[in-house]
Amino acid sequence: MAVRCPYFAAEESARGIRPGESPAAALRRILATPGAHQAPCCFDALGARLVERAGFPIGFMGGFCVSAARLGLPDVGLISFGEMVDQGRLINEAVSIPVIGDGDNGYGNSMNIKRTIKGYINAGFAGIMLEDQVAPKACGHTEGRKVISREEAIMHIKAAVDARNESGSDIVIVARSDSRQAISLDEALWRVKAFADAGADVLFIDALASVEEMKAFCAVAPGVPKMARPLRLTPSPPVTLMPPSLRSFPRRRGLFVPRTKLSSPLHTKPEGRRLAGEPANMLEGGGKTPILSPAELEKIGFSLVVYPLSLVGVSMRAMQVKAPPIFLNTSISDMQDALVAIKDGGVPPPSALPSFQEIKDTLGFNRYYKEEKQYQVVSYDVHFSYSVYNEHYVQFSNHMLPLVGQVKDATTLEPQIDSNLS
């Protein structure tokens, strides 16, 4: 597999991708070292460059922030595979650190997932995160999440592994389950174990609700690396637009609240390939996963930490309170401050970025949920076993629905041929 070529060549002493090294190889090398490997989420090439300049060895292109920045829309499955690949290509060309790309639910079935994997490889990604949600997907830590069946979810991971092998790449596959909220913790634990058996490199359960749940997750694969996403439970203060007389007021630095990190050595299979690393996913602006200190997370077993809202959040806040002529400089400075906070094991203060609820309101999540209800179709609880050779019609009160399969607990009728179609 050809090594991608960023605009600026990597230096010999670089912590990220070294000369002649593929992005995936660099990511695997970094994850194999002990320590809390932090990966702030970026949404464009400038943000990725700031992440690299701040000294982070890994970047993460989040679907939430890309959907927000590129479309101005909520992360509910509206952004497409092509848009994510295009954004990722620009990000990866701008930096010399490995970047993990959010692949959502793979944008379709197993065949779509194979195309997604290869597209992300060609865009220069070192890793890809795939989740087990139905389409359209829902954002993490939000309402309305549903997951596909166990069997289909496992098959998706197997398809991703096959696509990786076919491409000659070693892209890191991060397998995420949203079944903690959709079904139960036990279901989520079962799934991530199955994902590891199917060949996933990193495991992740979204929206774990307590320290006990985080420990139970890490116990699924003892000694395996883990990942985290920070959460702030306190709401941010209301936004007050800054009057012109105060726009030159000195900016305060160093006011950051504790933030989460992870650390753990990388586990390897006998044949030399990593089993899986568990990411802990916590939300800066308010979510479900508890925020812990770096030492606490390391003790639990997490090894990769992702910060999904800091850069997009401080950018939104800067646009709300800064005048247009000075926005660019202050926005870059705000993002740099946020990255310093992450580097120091903290998060930006509540005043530096909107709460998660504010961000959702700005992007139109509630409006989307309200409008979505206008197009919901009433589903009927009909259980049937599939048979591709026998076609049946099922009678429901005043209408018939054609189905493929042997139907139980419903009236089965012989297929009717419309004479007008002859």
# chains A, B, ... in the order shown; residues from 1 in each chain; ligands from 1
call {"tool": "residues_around", "arguments": {"residues": "Gly77 of chain A", "least_positions_apart": "2", "cutoff": "6 Å", "atoms": "only C-alpha atoms", "output": "VMD selection string"}}
result
chain A and resid 75 79 136 to 137
call {"tool": "write_last_selection", "arguments": {"atoms": "all heavy atoms", "output": "short mmCIF file (atom, residue, chain, number, x, y, z; two decimals), in the first residue's frame"}}
result
data_model
loop_
_atom_site.label_atom_id
_atom_site.label_comp_id
_atom_site.auth_asym_id
_atom_site.auth_seq_id
_atom_site.Cartn_x
_atom_site.Cartn_y
_atom_site.Cartn_z
N ASP A 75 -25.73 15.93 13.73
CA ASP A 75 -25.11 14.65 13.39
C ASP A 75 -26.16 13.54 13.51
O ASP A 75 -26.19 12.78 14.47
CB ASP A 75 -23.94 14.39 14.35
CG ASP A 75 -23.20 13.10 14.04
OD1 ASP A 75 -23.26 12.64 12.89
OD2 ASP A 75 -22.58 12.54 14.97
N ILE A 79 -24.83 13.81 6.78
CA ILE A 79 -23.59 13.95 6.03
C ILE A 79 -23.27 12.63 5.33
O ILE A 79 -23.56 11.55 5.85
CB ILE A 79 -22.44 14.40 6.94
CG1 ILE A 79 -21.28 14.95 6.10
CG2 ILE A 79 -21.97 13.28 7.86
CD1 ILE A 79 -20.32 15.81 6.87
N PRO A 136 -31.23 5.96 9.50
CA PRO A 136 -30.18 6.95 9.76
C PRO A 136 -29.70 6.86 11.19
O PRO A 136 -30.47 6.59 12.11
CB PRO A 136 -30.87 8.27 9.47
CG PRO A 136 -32.31 8.03 9.80
CD PRO A 136 -32.57 6.60 9.39
N LYS A 137 -28.44 7.12 11.38
CA LYS A 137 -27.82 7.04 12.70
C LYS A 137 -28.21 8.24 13.55
O LYS A 137 -28.73 9.24 13.05
CB LYS A 137 -26.31 6.97 12.56
CG LYS A 137 -25.69 8.16 11.85
CD LYS A 137 -24.30 8.45 12.37
CE LYS A 137 -24.37 9.08 13.74
NZ LYS A 137 -23.03 9.35 14.31
#
call {"tool": "closest_atom_pairs", "arguments": {"of": "segment 5-88 of chain A", "to": "segment 201-211 of chain A", "cutoff": "12 Å", "atoms": "only C-alpha atoms", "output": "CSV"}}
result
residue,atom,partner,partner_atom,distance
A:Ala24,CA,A:Asp201,CA,11.4
A:Leu27,CA,A:Asp201,CA,11.3
A:Arg28,CA,A:Asp201,CA,9.5
A:Leu31,CA,A:Val202,CA,10.2
A:Ala32,CA,A:Asp201,CA,11.8
call {"tool": "write_last_selection", "arguments": {"atoms": "all heavy atoms", "output": "tab-separated table (two decimals), in the first residue's frame"}}
result
chain	number	residue	atom	x	y	z
A	24	ALA	N	-1.34	4.15	9.22
A	24	ALA	CA	-1.78	3.06	10.09
A	24	ALA	C	-0.63	2.52	10.92
A	24	ALA	O	-0.77	2.24	12.12
A	24	ALA	CB	-2.42	1.95	9.27
A	27	LEU	N	0.09	4.91	13.72
A	27	LEU	CA	-0.91	4.83	14.77
A	27	LEU	C	-0.70	3.59	15.63
A	27	LEU	O	-0.77	3.64	16.87
A	27	LEU	CB	-2.32	4.82	14.17
A	27	LEU	CG	-3.48	4.70	15.16
A	27	LEU	CD1	-3.46	5.83	16.19
A	27	LEU	CD2	-4.82	4.69	14.41
A	28	ARG	N	-0.42	2.47	15.00
A	28	ARG	CA	-0.17	1.24	15.75
A	28	ARG	C	1.08	1.37	16.62
A	28	ARG	O	1.10	0.88	17.76
A	28	ARG	CB	-0.04	0.07	14.79
A	28	ARG	CG	-1.36	-0.30	14.11
A	28	ARG	CD	-1.19	-1.45	13.12
A	28	ARG	NE	-2.46	-1.75	12.48
A	28	ARG	CZ	-3.40	-2.54	12.98
A	28	ARG	NH1	-3.21	-3.13	14.15
A	28	ARG	NH2	-4.52	-2.76	12.34
A	31	LEU	N	0.10	3.62	19.62
A	31	LEU	CA	-0.76	2.92	20.56
A	31	LEU	C	-0.05	1.80	21.29
A	31	LEU	O	-0.49	1.38	22.37
A	31	LEU	CB	-1.98	2.35	19.82
A	31	LEU	CG	-2.98	3.37	19.28
A	31	LEU	CD1	-4.10	2.68	18.52
A	31	LEU	CD2	-3.55	4.22	20.41
A	32	ALA	N	1.04	1.30	20.72
A	32	ALA	CA	1.80	0.24	21.36
A	32	ALA	C	2.68	0.76	22.49
A	32	ALA	O	3.21	-0.03	23.27
A	32	ALA	CB	2.66	-0.49	20.34
call {"tool": "closest_residue", "arguments": {"among": "A:Phe8, A:Asn366, A:Met227, A:Cys41", "to": "Ala338 of chain A", "atoms": "only C-alpha atoms"}}
result
A:Cys41
call {"tool": "residues_around", "arguments": {"residues": "Ala45 of chain A", "least_positions_apart": "4", "cutoff": "9 Å", "atoms": "only C-alpha atoms", "output": "PyMOL selection string"}}
result
chain A and resi 49-50+87-88+90-95
call {"tool": "residues_around", "arguments": {"residues": "segment 110-112 of chain A", "least_positions_apart": "6", "cutoff": "7 Å", "atoms": "only C-alpha atoms", "output": "PDB file with C-alpha atoms, in the first residue's frame"}}
result
ATOM      1  CA  MET A 155     -20.716  -9.179   9.770  1.00  0.00           C
ATOM      2  CA  HIS A 156     -20.010  -5.459   9.289  1.00  0.00           C
ATOM      3  CA  ALA A 159     -16.477  -6.961   5.995  1.00  0.00           C
TER       4      ALA A 159
END
call {"tool": "atom_distance", "arguments": {"atom1": "atom CA of Gln181 of chain A", "atom2": "atom CA of Val134 of chain A"}}
result
13.4 Å
call {"tool": "closest_residue", "arguments": {"among": "A:Gly106, A:Lys146, A:Ala138, A:Thr116", "to": "Ala175 of chain A", "atoms": "only C-alpha atoms"}}
result
A:Gly106
call {"tool": "closest_residue", "arguments": {"among": "A:Ala68, A:Val174, A:Leu311, A:Ala135", "to": "Ala341 of chain A", "atoms": "only C-alpha atoms"}}
result
A:Leu311
call {"tool": "atom_distance", "arguments": {"atom1": "atom CA of Phe64 of chain A", "atom2": "atom CA of Pro98 of chain A"}}
result
19.4 Å
call {"tool": "closest_residue", "arguments": {"among": "A:Arg229, A:Tyr375, A:Val314, A:Ser184", "to": "Ser355 of chain A", "atoms": "only C-alpha atoms"}}
result
A:Val314
call {"tool": "select_by_dssp", "arguments": {"residues": "segment 50-202 of chain A", "states": "strand (DSSP E or B)", "output": "number ranges by chain"}}
result
A: 59-61, 99-102, 127-131, 133, 147, 172-177, 202
call {"tool": "atom_distance", "arguments": {"atom1": "atom CA of Ser333 of chain A", "atom2": "atom CA of Ala54 of chain A"}}
result
11.9 Å
call {"tool": "select_by_dssp", "arguments": {"residues": "segment 35-244 of chain A", "states": "alpha helix (DSSP H)", "output": "ChimeraX atom specification"}}
result
/A:45-53,63-66,81-94,110-122,150-167,179-182,185-198,211-218
call {"tool": "closest_residue", "arguments": {"among": "A:Gly127, A:Asn122, A:Ile117, A:Ile183", "to": "Asp162 of chain A", "atoms": "only C-alpha atoms"}}
result
A:Ile117
